[in-house]
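run-v8.cif, holding mmCIF, C-alpha atoms and all ligand atoms:
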```cif
data_protein
#
loop_
_atom_site.label_atom_id
_atom_site.label_comp_id
_atom_site.auth_asym_id
_atom_site.auth_seq_id
_atom_site.Cartn_x
_atom_site.Cartn_y
_atom_site.Cartn_z
CA MET N 857 112.98 118.59 73.38
CA SER N 858 109.92 118.41 75.58
CA HIS N 859 110.48 115.31 77.69
CA LEU N 860 109.36 117.05 80.86
CA LYS N 861 106.55 119.19 79.51
CA ASP N 862 104.05 120.11 82.26
CA LYS N 863 106.23 118.57 84.99
CA VAL N 864 107.11 120.55 88.09
CA ALA N 865 110.68 119.94 89.27
CA ILE N 866 112.43 121.15 92.41
CA ILE N 867 116.23 121.05 92.38
CA THR N 868 118.16 121.82 95.56
CA GLY N 869 121.60 123.43 95.45
CA ALA N 870 120.80 124.49 91.90
CA ALA N 871 122.26 128.00 91.86
CA ARG N 872 125.53 126.70 90.44
CA GLY N 873 127.50 123.58 89.50
CA ILE N 874 125.80 120.29 88.79
CA GLY N 875 122.47 121.49 90.17
CA PHE N 876 122.45 124.44 87.82
CA SER N 877 123.22 122.19 84.84
CA ILE N 878 120.29 119.99 85.80
CA ALA N 879 118.04 123.04 86.10
CA GLU N 880 119.20 124.27 82.69
CA LEU N 881 118.55 120.94 80.97
CA PHE N 882 115.17 120.55 82.67
CA ALA N 883 114.20 124.06 81.56
CA LYS N 884 115.16 123.14 77.99
CA ALA N 885 113.03 120.01 78.40
CA GLU N 886 110.14 122.36 79.22
CA ALA N 887 109.68 121.53 82.89
CA THR N 888 108.62 124.16 85.38
CA VAL N 889 111.91 124.54 87.25
CA ILE N 890 112.17 125.54 90.89
CA ILE N 891 115.67 126.35 92.10
CA LEU N 892 116.26 126.09 95.80
CA ASP N 893 119.62 127.21 97.18
CA ILE N 894 121.15 128.70 100.28
CA SER N 895 122.90 131.44 98.33
CA THR N 896 120.52 134.30 97.59
CA GLU N 897 122.86 136.24 95.28
CA LEU N 898 123.57 133.18 93.14
CA ILE N 899 119.88 132.33 92.82
CA ASN N 900 118.89 135.57 91.11
CA ALA N 901 121.68 135.25 88.57
CA ALA N 902 120.78 131.60 87.96
CA VAL N 903 117.10 132.34 87.41
CA GLU N 904 117.95 135.12 84.98
CA LYS N 905 120.30 132.89 83.02
CA LEU N 906 117.67 130.16 82.74
CA GLU N 907 115.01 132.59 81.64
CA SER N 908 117.26 133.56 78.77
CA VAL N 909 117.49 129.97 77.46
CA SER N 910 113.92 128.82 77.98
CA SER N 911 110.40 130.14 78.04
CA THR N 912 109.15 127.80 80.77
CA THR N 913 108.43 129.01 84.28
CA ILE N 914 111.55 129.35 86.38
CA CYS N 915 111.38 130.25 90.03
CA GLY N 916 113.95 130.55 92.81
CA PHE N 917 113.73 130.17 96.58
CA SER N 918 116.52 130.82 99.05
CA ALA N 919 116.53 128.20 101.77
CA ASP N 920 118.77 125.93 103.75
CA VAL N 921 117.82 122.28 103.11
CA THR N 922 118.32 121.56 106.81
CA ASP N 923 115.65 124.09 107.81
CA GLU N 924 112.66 121.81 108.18
CA ASP N 925 110.07 124.55 108.69
CA ARG N 926 111.25 126.71 105.81
CA ILE N 927 111.37 123.74 103.43
CA GLY N 928 107.84 122.73 104.45
CA GLU N 929 106.62 126.27 103.86
CA ILE N 930 108.23 126.51 100.43
CA PHE N 931 106.83 123.18 99.28
CA LYS N 932 103.36 124.25 100.41
CA GLN N 933 103.72 127.47 98.46
CA ILE N 934 104.82 125.55 95.35
CA ILE N 935 101.80 123.25 95.58
CA GLN N 936 99.48 126.21 95.98
CA GLN N 937 100.95 127.84 92.93
CA TYR N 938 101.56 124.90 90.59
CA GLY N 939 99.21 122.25 92.00
CA LYS N 940 101.77 119.43 92.19
CA ILE N 941 105.41 118.42 92.48
CA ASP N 942 106.52 115.75 90.01
CA ILE N 943 110.26 115.68 90.55
CA LEU N 944 112.59 116.40 93.48
CA ILE N 945 116.36 116.39 92.97
CA ASN N 946 118.26 116.40 96.25
CA ASN N 947 121.50 117.85 94.97
CA ALA N 948 122.64 120.36 97.63
CA GLY N 949 125.88 119.17 99.17
CA ILE N 950 129.06 120.38 100.80
CA THR N 951 132.53 119.09 101.70
CA LYS N 952 134.67 119.80 104.74
CA ASP N 953 137.67 117.58 104.17
CA GLY N 954 140.30 116.55 106.66
CA LEU N 955 141.99 113.46 107.97
CA LEU N 956 139.82 111.52 110.35
CA MET N 957 142.27 111.75 113.23
CA LYS N 958 141.99 115.51 113.24
CA MET N 959 138.46 115.99 111.96
CA LYS N 960 136.43 118.45 114.01
CA ILE N 961 133.04 117.30 115.22
CA SER N 962 131.63 120.50 113.75
CA ASP N 963 132.93 119.52 110.29
CA TRP N 964 131.47 116.06 110.66
CA ASP N 965 128.11 117.49 111.72
CA ALA N 966 127.99 120.15 109.01
CA VAL N 967 128.53 117.65 106.18
CA LEU N 968 126.16 115.04 107.60
CA ASN N 969 123.53 117.69 108.20
CA VAL N 970 123.46 119.25 104.76
CA ASN N 971 124.10 116.13 102.68
CA LEU N 972 122.20 113.46 104.56
CA LYS N 973 119.72 115.18 106.85
CA GLY N 974 118.89 117.75 104.16
CA THR N 975 118.09 114.92 101.75
CA PHE N 976 115.88 113.27 104.38
CA ILE N 977 114.04 116.51 105.19
CA CYS N 978 113.26 117.41 101.57
CA THR N 979 112.23 113.83 100.79
CA GLN N 980 109.98 113.64 103.83
CA LYS N 981 108.35 116.97 103.05
CA VAL N 982 107.57 115.97 99.47
CA SER N 983 106.64 112.35 100.14
CA ARG N 984 103.13 112.83 101.45
CA LEU N 985 102.14 114.79 98.39
CA MET N 986 103.78 112.38 95.95
CA LEU N 987 102.23 109.36 97.67
CA LYS N 988 98.85 110.99 97.34
CA GLN N 989 99.44 111.95 93.73
CA ARG N 990 100.33 108.34 93.05
CA HIS N 991 103.35 109.44 91.09
CA GLY N 992 106.65 111.19 91.61
CA VAL N 993 110.38 110.90 91.05
CA ILE N 994 113.09 111.60 93.62
CA ILE N 995 116.76 111.64 92.66
CA ASN N 996 119.45 111.90 95.32
CA MET N 997 122.95 113.11 94.52
CA ALA N 998 125.34 110.62 96.09
CA SER N 999 128.98 110.25 95.02
CA ILE N 1000 131.43 107.60 94.00
CA ILE N 1001 133.13 108.43 97.31
CA GLY N 1002 130.06 107.01 99.08
CA ILE N 1003 130.86 103.65 97.44
CA MET N 1004 134.69 103.63 97.37
CA GLY N 1005 135.54 105.80 100.41
CA ASN N 1006 138.32 108.36 100.29
CA ALA N 1007 141.15 109.35 102.59
CA GLY N 1008 140.41 112.80 103.98
CA GLN N 1009 136.67 112.58 103.34
CA ALA N 1010 135.30 110.33 106.09
CA ASN N 1011 132.41 112.70 106.76
CA TYR N 1012 131.57 113.16 103.08
CA ALA N 1013 131.86 109.42 102.35
CA ALA N 1014 129.59 108.60 105.30
CA SER N 1015 127.00 111.12 104.12
CA LYS N 1016 127.02 109.83 100.55
CA GLY N 1017 127.00 106.16 101.57
CA GLY N 1018 124.10 107.09 103.82
CA ILE N 1019 122.29 108.64 100.89
CA ILE N 1020 122.66 105.41 98.90
CA ALA N 1021 121.15 103.31 101.71
CA PHE N 1022 118.47 105.94 102.35
CA THR N 1023 117.56 105.83 98.65
CA LYS N 1024 116.95 102.09 98.82
CA SER N 1025 114.72 102.35 101.90
CA ALA N 1026 112.71 105.21 100.46
CA ALA N 1027 112.32 103.33 97.16
CA LYS N 1028 110.90 100.34 99.05
CA GLU N 1029 108.51 102.48 101.10
CA PHE N 1030 107.18 104.45 98.15
CA ALA N 1031 107.18 101.87 95.35
CA SER N 1032 103.57 100.80 95.83
CA ARG N 1033 102.50 104.39 95.17
CA ASN N 1034 104.44 104.71 91.93
CA VAL N 1035 107.01 107.04 93.46
CA ARG N 1036 110.51 106.15 92.24
CA VAL N 1037 113.65 106.98 94.20
CA ASN N 1038 117.13 106.64 92.70
CA ALA N 1039 120.61 107.94 93.40
CA ILE N 1040 123.34 109.17 91.11
CA ALA N 1041 126.98 108.65 92.06
CA PRO N 1042 129.20 110.96 90.02
CA GLY N 1043 132.95 110.56 89.89
CA PHE N 1044 135.01 113.69 89.33
CA ILE N 1045 132.97 116.42 87.71
CA LYS N 1046 134.29 119.86 86.76
CA THR N 1047 132.65 122.31 89.18
CA ASP N 1048 133.64 124.81 91.86
CA MET N 1049 133.62 121.94 94.35
CA THR N 1050 136.42 120.11 92.52
CA ALA N 1051 138.20 123.31 91.42
CA ALA N 1052 139.23 123.56 95.07
CA LEU N 1053 141.39 120.43 94.69
CA SER N 1054 145.13 120.84 94.04
CA ASP N 1055 146.66 120.03 90.63
CA GLU N 1056 148.57 117.22 92.25
CA ILE N 1057 145.42 115.54 93.55
CA MET N 1058 143.70 116.07 90.22
CA ALA N 1059 146.59 114.42 88.34
CA LYS N 1060 146.44 111.48 90.73
CA TYR N 1061 142.73 111.04 90.15
CA SER N 1062 143.01 111.33 86.38
CA ASP N 1063 145.24 108.26 86.57
CA LEU N 1064 142.42 106.35 88.24
CA ILE N 1065 139.87 107.24 85.58
CA PRO N 1066 139.97 104.87 82.60
CA MET N 1067 138.58 107.63 80.38
CA LYS N 1068 141.41 109.90 81.59
CA ARG N 1069 139.31 112.99 82.06
CA MET N 1070 136.85 114.61 84.41
CA GLY N 1071 133.17 114.63 83.62
CA ASN N 1072 131.08 117.70 82.89
CA PRO N 1073 128.05 118.81 84.87
CA GLU N 1074 126.02 118.30 81.67
CA ASP N 1075 126.84 114.58 81.75
CA VAL N 1076 125.21 114.31 85.16
CA ALA N 1077 122.27 116.43 84.01
CA ASN N 1078 121.63 114.07 81.11
CA LEU N 1079 121.46 111.09 83.44
CA CYS N 1080 119.14 113.02 85.71
CA LEU N 1081 116.84 113.84 82.82
CA PHE N 1082 116.65 110.18 81.87
CA LEU N 1083 115.93 109.04 85.44
CA ALA N 1084 113.31 111.76 85.90
CA SER N 1085 111.53 110.99 82.65
CA ASP N 1086 108.98 108.28 81.95
CA SER N 1087 111.69 106.43 80.00
CA ALA N 1088 112.96 105.24 83.39
CA SER N 1089 109.54 104.27 84.71
CA TYR N 1090 110.66 100.78 85.85
CA ILE N 1091 113.87 101.89 87.59
CA THR N 1092 113.82 102.43 91.36
CA GLY N 1093 116.17 102.02 94.32
CA GLN N 1094 119.26 102.14 92.11
CA THR N 1095 122.51 104.04 92.37
CA ILE N 1096 123.86 104.84 88.93
CA THR N 1097 127.55 105.74 88.74
CA ILE N 1098 128.73 108.25 86.18
CA ASP N 1099 132.48 108.41 86.44
CA GLY N 1100 134.36 107.60 83.21
CA GLY N 1101 134.81 104.05 84.47
CA MET N 1102 136.53 104.93 87.75
CA TYR N 1103 134.48 102.45 89.76
CA MET N 1104 133.52 99.13 88.22
CA MET O 1033 79.16 118.39 112.11
CA ASP O 1034 79.35 115.57 114.62
CA LEU O 1035 82.57 113.68 115.19
CA LEU O 1036 81.32 110.36 113.82
CA GLN O 1037 80.31 111.91 110.52
CA LYS O 1038 83.56 113.85 110.20
CA VAL O 1039 85.71 110.78 110.92
CA LYS O 1040 83.73 108.76 108.41
CA GLU O 1041 84.28 111.37 105.76
CA ILE O 1042 88.03 111.41 106.39
CA ILE O 1043 88.20 107.61 106.12
CA VAL O 1044 86.16 107.58 102.91
CA GLU O 1045 88.40 110.22 101.43
CA GLU O 1046 91.73 108.75 102.57
CA LEU O 1047 91.05 105.08 101.87
CA GLY O 1048 88.78 105.47 98.86
CA VAL O 1049 86.05 103.24 100.35
CA GLU O 1050 82.24 103.54 100.31
CA GLU O 1051 80.63 105.22 103.29
CA ASN O 1052 78.46 102.18 104.07
CA GLU O 1053 81.62 100.08 104.55
CA VAL O 1054 82.81 102.40 107.32
CA ILE O 1055 81.09 100.67 110.25
CA LEU O 1056 82.44 100.79 113.80
CA GLU O 1057 83.69 97.19 113.72
CA ALA O 1058 85.56 97.64 110.44
CA SER O 1059 89.31 97.10 110.67
CA PHE O 1060 91.30 99.56 108.56
CA ILE O 1061 93.66 96.90 107.28
CA GLU O 1062 91.50 93.78 107.10
CA ASP O 1063 88.15 95.26 106.07
CA LEU O 1064 88.96 98.58 104.43
CA GLY O 1065 92.01 97.47 102.48
CA ALA O 1066 94.48 99.91 104.04
CA ASP O 1067 98.20 99.16 103.95
CA SER O 1068 100.83 100.50 106.35
CA LEU O 1069 101.30 103.72 104.37
CA ASP O 1070 97.53 104.34 104.36
CA THR O 1071 97.30 103.96 108.12
CA VAL O 1072 100.10 106.47 108.68
CA GLU O 1073 98.43 108.90 106.29
CA LEU O 1074 95.11 108.43 108.06
CA ILE O 1075 96.61 109.18 111.48
CA MET O 1076 98.36 112.29 110.07
CA LYS O 1077 95.06 113.42 108.60
CA PHE O 1078 93.31 113.03 111.98
CA GLU O 1079 96.08 115.07 113.60
CA GLU O 1080 95.69 117.79 111.02
CA GLU O 1081 91.89 117.94 110.95
CA PHE O 1082 91.43 117.90 114.72
CA ASP O 1083 94.61 119.79 115.55
CA ILE O 1084 95.90 117.15 117.96
CA ASP O 1085 99.03 115.03 118.39
CA ILE O 1086 98.60 111.27 118.30
CA ALA O 1087 101.51 109.42 119.92
CA ASP O 1088 102.89 106.41 118.02
CA GLU O 1089 101.93 104.09 120.92
CA ASP O 1090 98.35 105.31 120.69
CA ALA O 1091 98.27 105.12 116.91
CA GLU O 1092 99.18 101.43 117.03
CA ASN O 1093 95.96 100.67 118.87
CA LEU O 1094 93.66 102.52 116.50
CA THR O 1095 93.01 99.49 114.35
CA THR O 1096 89.26 99.86 113.78
CA VAL O 1097 86.88 102.69 112.99
CA GLY O 1098 85.27 102.33 116.45
CA LYS O 1099 88.61 102.47 118.28
CA ALA O 1100 89.62 105.57 116.34
CA ILE O 1101 86.38 107.34 117.16
CA GLU O 1102 86.56 106.44 120.87
CA TYR O 1103 90.13 107.73 120.99
CA LEU O 1104 89.37 110.94 119.14
CA LYS O 1105 86.42 111.60 121.47
CA THR O 1106 88.66 111.55 124.55
CA LYS O 1107 91.36 113.62 122.80
CA ILE O 1108 89.07 116.34 121.57
CA SER O 1109 86.78 116.89 124.55
N1 LIG Q 1201 131.70 118.02 91.61
C1 LIG Q 1201 131.91 116.71 91.76
O1 LIG Q 1201 132.93 116.19 91.30
C2 LIG Q 1201 130.93 115.85 92.49
C3 LIG Q 1201 131.17 114.49 92.52
C4 LIG Q 1201 130.26 113.65 93.18
C5 LIG Q 1201 129.15 114.20 93.78
N2 LIG Q 1201 128.94 115.53 93.74
C6 LIG Q 1201 127.75 116.03 94.41
O2 LIG Q 1201 126.96 116.80 93.53
C7 LIG Q 1201 126.26 117.81 94.24
C8 LIG Q 1201 126.54 119.18 93.62
O3 LIG Q 1201 127.93 119.42 93.65
P1 LIG Q 1201 128.64 120.61 92.88
O4 LIG Q 1201 129.96 120.09 92.48
O5 LIG Q 1201 127.74 121.18 91.87
O6 LIG Q 1201 128.88 121.62 94.12
P2 LIG Q 1201 128.78 123.21 94.19
O7 LIG Q 1201 129.47 123.55 95.47
O8 LIG Q 1201 129.26 123.82 92.94
O9 LIG Q 1201 127.22 123.47 94.34
C9 LIG Q 1201 126.49 123.13 95.47
C10 LIG Q 1201 125.32 124.08 95.61
O10 LIG Q 1201 124.60 123.72 96.79
C11 LIG Q 1201 124.28 124.88 97.52
N3 LIG Q 1201 124.15 124.55 98.95
C12 LIG Q 1201 125.14 124.27 99.83
N4 LIG Q 1201 124.63 124.07 101.05
C13 LIG Q 1201 123.29 124.21 100.96
C14 LIG Q 1201 122.21 124.14 101.90
N5 LIG Q 1201 122.43 123.86 103.18
N6 LIG Q 1201 120.95 124.36 101.45
C15 LIG Q 1201 120.72 124.65 100.16
N7 LIG Q 1201 121.69 124.75 99.22
C16 LIG Q 1201 122.97 124.53 99.63
C17 LIG Q 1201 125.43 125.83 97.25
O11 LIG Q 1201 125.05 127.18 97.48
C18 LIG Q 1201 125.74 125.54 95.79
O12 LIG Q 1201 124.98 126.36 94.92
C19 LIG Q 1201 126.74 117.70 95.69
O13 LIG Q 1201 125.81 116.94 96.43
C20 LIG Q 1201 128.05 116.96 95.57
O14 LIG Q 1201 128.37 116.25 96.74
C21 LIG Q 1201 129.81 116.38 93.11
#
```
structure tokens encoding of this file:
Amino acid sequence: MSHLKDKVAIITGAARGIGFSIAELFAKAEATVIILDISTELINAAVEKLESVSSTTICGFSADVTDEDRIGEIFKQIIQQYGKIDILINNAGITKDGLLMKMKISDWDAVLNVNLKGTFICTQKVSRLMLKQRHGVIINMASIIGIMGNAGQANYAASKGGIIAFTKSAAKEFASRNVRVNAIAPGFIKTDMTAALSDEIMAKYSDLIPMKRMGNPEDVANLCLFLASDSASYITGQTITIDGGMYM
Amino acid sequence: MDLLQKVKEIIVEELGVEENEVILEASFIEDLGADSLDTVELIMKFEEEFDIDIADEDAENLTTVGKAIEYLKTKIS
């Protein structure tokens, strides 16, 4: 499998969960994989694991996606070292759930900052290079919650809905330069993020999923690989749901 | 290198045009085929090369090669 041979891919929030699965699949597809995550301990373990499954170049950077200067610096360093950036996956994301009536401003800000502003910052920092290259692929991790809404997740839903609208605007701005921008909206995927949910909530959600089960991070990674590859060269501005039929 | 020459080189490089097309009267959009993305990139390149900040209100007025050079002259000296 060498769909991404010679491509340089940056994946944010890739030290674990869905991001890590994407990094793993991209490494198997022979891309040069750059993991960017806020958690330094997790990064080293993740890089080691990937090096054991693939012989491509794997490299990790610890950074907060909301730190504009640091992100700019890292991207510059990547360009110096690898000469280009073909793919950016804006996957880093957090939740701070609570009912709207009692939601703290700090929880609203934190989620909007990481999920939405972080996506904007990384996209902006990579855009000039991609526009110049006359090619590039950006994939933003939204969520089904950004389409359907969810009680207790007003901040998260707003951030993910924002990502979907942001994706469309970016796609329109960059299309003439052959830079594609798409979003993925996963339903319930088995990761640490969803492991935090109670059994009761999980049972309730399973009822809402026609396929009656949660998805795996690998399912999302497969979609990402398709969207990042040349097989998807005429797809831009779209939000693709991957949710066992939960939203139709 | 004098300013005129340097600006010409940047325009040639950024817009992919021939140097003889880059005359003072030339409009970036109408004569040199730039689109809105190109003009933003060009302004950012000026900022970078000359280590200056160009305000959005100023950038809007820099529609021709001559206007850009006049503006850069006042900014740099
Ligand atoms: N798990 C799901 O069911 C599900 C569903 C829909 C969407 N998503 C989205 O998929 C993405 C990944 O989710 P996951 O389930 O793998 O979560 P996760 O919590 O397992 O992983 C998120 C990763 O992002 C990193 N991160 C957090 N804040 C960061 C920051 N400021 N800068 C850089 N890195 C940061 C974390 O360290 C972690 O490694 C998120 O955007 C999430 O909203 C997940």
Within 12 Å of chain O: residues of chain N, using only C-alpha atoms, as a list in words: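 The answer, sorted by residue number, is Ser983, Arg984, Leu985, Leu987, Lys988, Lys1028, Glu1029, Phe1030, Ala1031, Ser1032 and Arg1033 of chain N.
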Listed atoms of stretch 1053-1071 of chain O boxed along x, y and z, 6 Å each side, centre and edge lengths in Å, one decimal, as AutoDock Vina command-line options:
```
--center_x 91.2 --center_y 99.1 --center_z 108.1 --size_x 32.2 --size_y 22.6 --size_z 23.3
```
Test item: residues at most 9 Å from N:Gly1018, only C-alpha atoms, excluding those fewer than 5 positions along its chain, as number ranges by chain: N: 972, 998, 1002, 1013, 1023
Nearby residues (all atoms listed in the file) at most 8 Å from O:Ile1084, same-chain spacing under 5 positions excluded, as a list in words: Phe1078, Glu1079, Lys1107 and Ile1108 of chain O
Residues from last step as file, C-alpha atoms, as a short mmCIF file (atom, residue, chain, number, x, y, z; two decimals), keeping the file's coordinate frame:
```cif
data_model
loop_
_atom_site.label_atom_id
_atom_site.label_comp_id
_atom_site.auth_asym_id
_atom_site.auth_seq_id
_atom_site.Cartn_x
_atom_site.Cartn_y
_atom_site.Cartn_z
CA PHE O 1078 93.31 113.03 111.98
CA GLU O 1079 96.08 115.07 113.60
CA LYS O 1107 91.36 113.62 122.80
CA ILE O 1108 89.07 116.34 121.57
#
```
Env. residues ligand LIG 1201 (chain Q) / 6 Å / only C-alpha atoms and all ligand atoms / as a ChimeraX atom specification: /N:868-875,893-895,919-922,947-950,970,997-999,1042-1050
Complete the atom set of stretch 860-869 of chain N to all heavy atoms and return it as a PDB file, keeping the file's coordinate frame.
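Resulting contents of out26.pdb:
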```
ATOM      1  N   LEU N 860     109.919 116.781  79.532  1.00  0.00           N
ATOM      2  CA  LEU N 860     109.360 117.050  80.860  1.00  0.00           C
ATOM      3  C   LEU N 860     108.257 118.099  80.794  1.00  0.00           C
ATOM      4  O   LEU N 860     107.988 118.783  81.769  1.00  0.00           O
ATOM      5  CB  LEU N 860     110.467 117.506  81.818  1.00  0.00           C
ATOM      6  CG  LEU N 860     111.616 116.515  82.059  1.00  0.00           C
ATOM      7  CD1 LEU N 860     112.634 117.100  83.027  1.00  0.00           C
ATOM      8  CD2 LEU N 860     111.112 115.179  82.603  1.00  0.00           C
ATOM      9  N   LYS N 861     107.610 118.196  79.661  1.00  0.00           N
ATOM     10  CA  LYS N 861     106.550 119.190  79.510  1.00  0.00           C
ATOM     11  C   LYS N 861     105.486 119.001  80.591  1.00  0.00           C
ATOM     12  O   LYS N 861     105.084 117.877  80.885  1.00  0.00           O
ATOM     13  CB  LYS N 861     105.907 119.032  78.131  1.00  0.00           C
ATOM     14  CG  LYS N 861     105.190 120.282  77.676  1.00  0.00           C
ATOM     15  CD  LYS N 861     104.872 120.166  76.182  1.00  0.00           C
ATOM     16  CE  LYS N 861     103.803 121.137  75.760  1.00  0.00           C
ATOM     17  NZ  LYS N 861     103.890 122.470  76.297  1.00  0.00           N
ATOM     18  N   ASP N 862     105.076 120.095  81.203  1.00  0.00           N
ATOM     19  CA  ASP N 862     104.050 120.110  82.260  1.00  0.00           C
ATOM     20  C   ASP N 862     104.489 119.488  83.584  1.00  0.00           C
ATOM     21  O   ASP N 862     103.681 119.322  84.486  1.00  0.00           O
ATOM     22  CB  ASP N 862     102.751 119.417  81.806  1.00  0.00           C
ATOM     23  CG  ASP N 862     102.147 120.097  80.586  1.00  0.00           C
ATOM     24  OD1 ASP N 862     102.267 121.330  80.489  1.00  0.00           O
ATOM     25  OD2 ASP N 862     101.588 119.386  79.742  1.00  0.00           O
ATOM     26  N   LYS N 863     105.757 119.108  83.706  1.00  0.00           N
ATOM     27  CA  LYS N 863     106.230 118.570  84.990  1.00  0.00           C
ATOM     28  C   LYS N 863     106.769 119.716  85.848  1.00  0.00           C
ATOM     29  O   LYS N 863     107.352 120.663  85.337  1.00  0.00           O
ATOM     30  CB  LYS N 863     107.381 117.578  84.764  1.00  0.00           C
ATOM     31  CG  LYS N 863     107.031 116.442  83.828  1.00  0.00           C
ATOM     32  CD  LYS N 863     106.486 115.261  84.589  1.00  0.00           C
ATOM     33  CE  LYS N 863     106.348 114.076  83.652  1.00  0.00           C
ATOM     34  NZ  LYS N 863     105.525 113.029  84.139  1.00  0.00           N
ATOM     35  N   VAL N 864     106.564 119.570  87.148  1.00  0.00           N
ATOM     36  CA  VAL N 864     107.110 120.550  88.090  1.00  0.00           C
ATOM     37  C   VAL N 864     108.281 119.906  88.822  1.00  0.00           C
ATOM     38  O   VAL N 864     108.124 118.860  89.454  1.00  0.00           O
ATOM     39  CB  VAL N 864     106.024 120.984  89.107  1.00  0.00           C
ATOM     40  CG1 VAL N 864     106.610 121.963  90.123  1.00  0.00           C
ATOM     41  CG2 VAL N 864     104.826 121.592  88.386  1.00  0.00           C
ATOM     42  N   ALA N 865     109.463 120.524  88.697  1.00  0.00           N
ATOM     43  CA  ALA N 865     110.680 119.940  89.270  1.00  0.00           C
ATOM     44  C   ALA N 865     111.343 120.892  90.249  1.00  0.00           C
ATOM     45  O   ALA N 865     111.552 122.064  89.940  1.00  0.00           O
ATOM     46  CB  ALA N 865     111.658 119.569  88.152  1.00  0.00           C
ATOM     47  N   ILE N 866     111.666 120.373  91.435  1.00  0.00           N
ATOM     48  CA  ILE N 866     112.430 121.150  92.410  1.00  0.00           C
ATOM     49  C   ILE N 866     113.857 120.599  92.423  1.00  0.00           C
ATOM     50  O   ILE N 866     114.051 119.386  92.522  1.00  0.00           O
ATOM     51  CB  ILE N 866     111.865 120.996  93.839  1.00  0.00           C
ATOM     52  CG1 ILE N 866     110.404 121.431  93.874  1.00  0.00           C
ATOM     53  CG2 ILE N 866     112.696 121.777  94.849  1.00  0.00           C
ATOM     54  CD1 ILE N 866     109.751 121.188  95.227  1.00  0.00           C
ATOM     55  N   ILE N 867     114.832 121.485  92.331  1.00  0.00           N
ATOM     56  CA  ILE N 867     116.230 121.050  92.380  1.00  0.00           C
ATOM     57  C   ILE N 867     116.932 121.833  93.484  1.00  0.00           C
ATOM     58  O   ILE N 867     116.956 123.065  93.457  1.00  0.00           O
ATOM     59  CB  ILE N 867     116.919 121.296  91.026  1.00  0.00           C
ATOM     60  CG1 ILE N 867     116.114 120.621  89.912  1.00  0.00           C
ATOM     61  CG2 ILE N 867     118.354 120.785  91.052  1.00  0.00           C
ATOM     62  CD1 ILE N 867     116.326 121.219  88.551  1.00  0.00           C
ATOM     63  N   THR N 868     117.476 121.124  94.468  1.00  0.00           N
ATOM     64  CA  THR N 868     118.160 121.820  95.560  1.00  0.00           C
ATOM     65  C   THR N 868     119.624 122.054  95.193  1.00  0.00           C
ATOM     66  O   THR N 868     120.205 121.308  94.403  1.00  0.00           O
ATOM     67  CB  THR N 868     118.081 121.036  96.892  1.00  0.00           C
ATOM     68  OG1 THR N 868     118.926 119.879  96.808  1.00  0.00           O
ATOM     69  CG2 THR N 868     116.652 120.614  97.216  1.00  0.00           C
ATOM     70  N   GLY N 869     120.206 123.094  95.756  1.00  0.00           N
ATOM     71  CA  GLY N 869     121.600 123.430  95.450  1.00  0.00           C
ATOM     72  C   GLY N 869     121.799 123.710  93.976  1.00  0.00           C
ATOM     73  O   GLY N 869     122.823 123.356  93.391  1.00  0.00           O
TER      74      GLY N 869
END
```
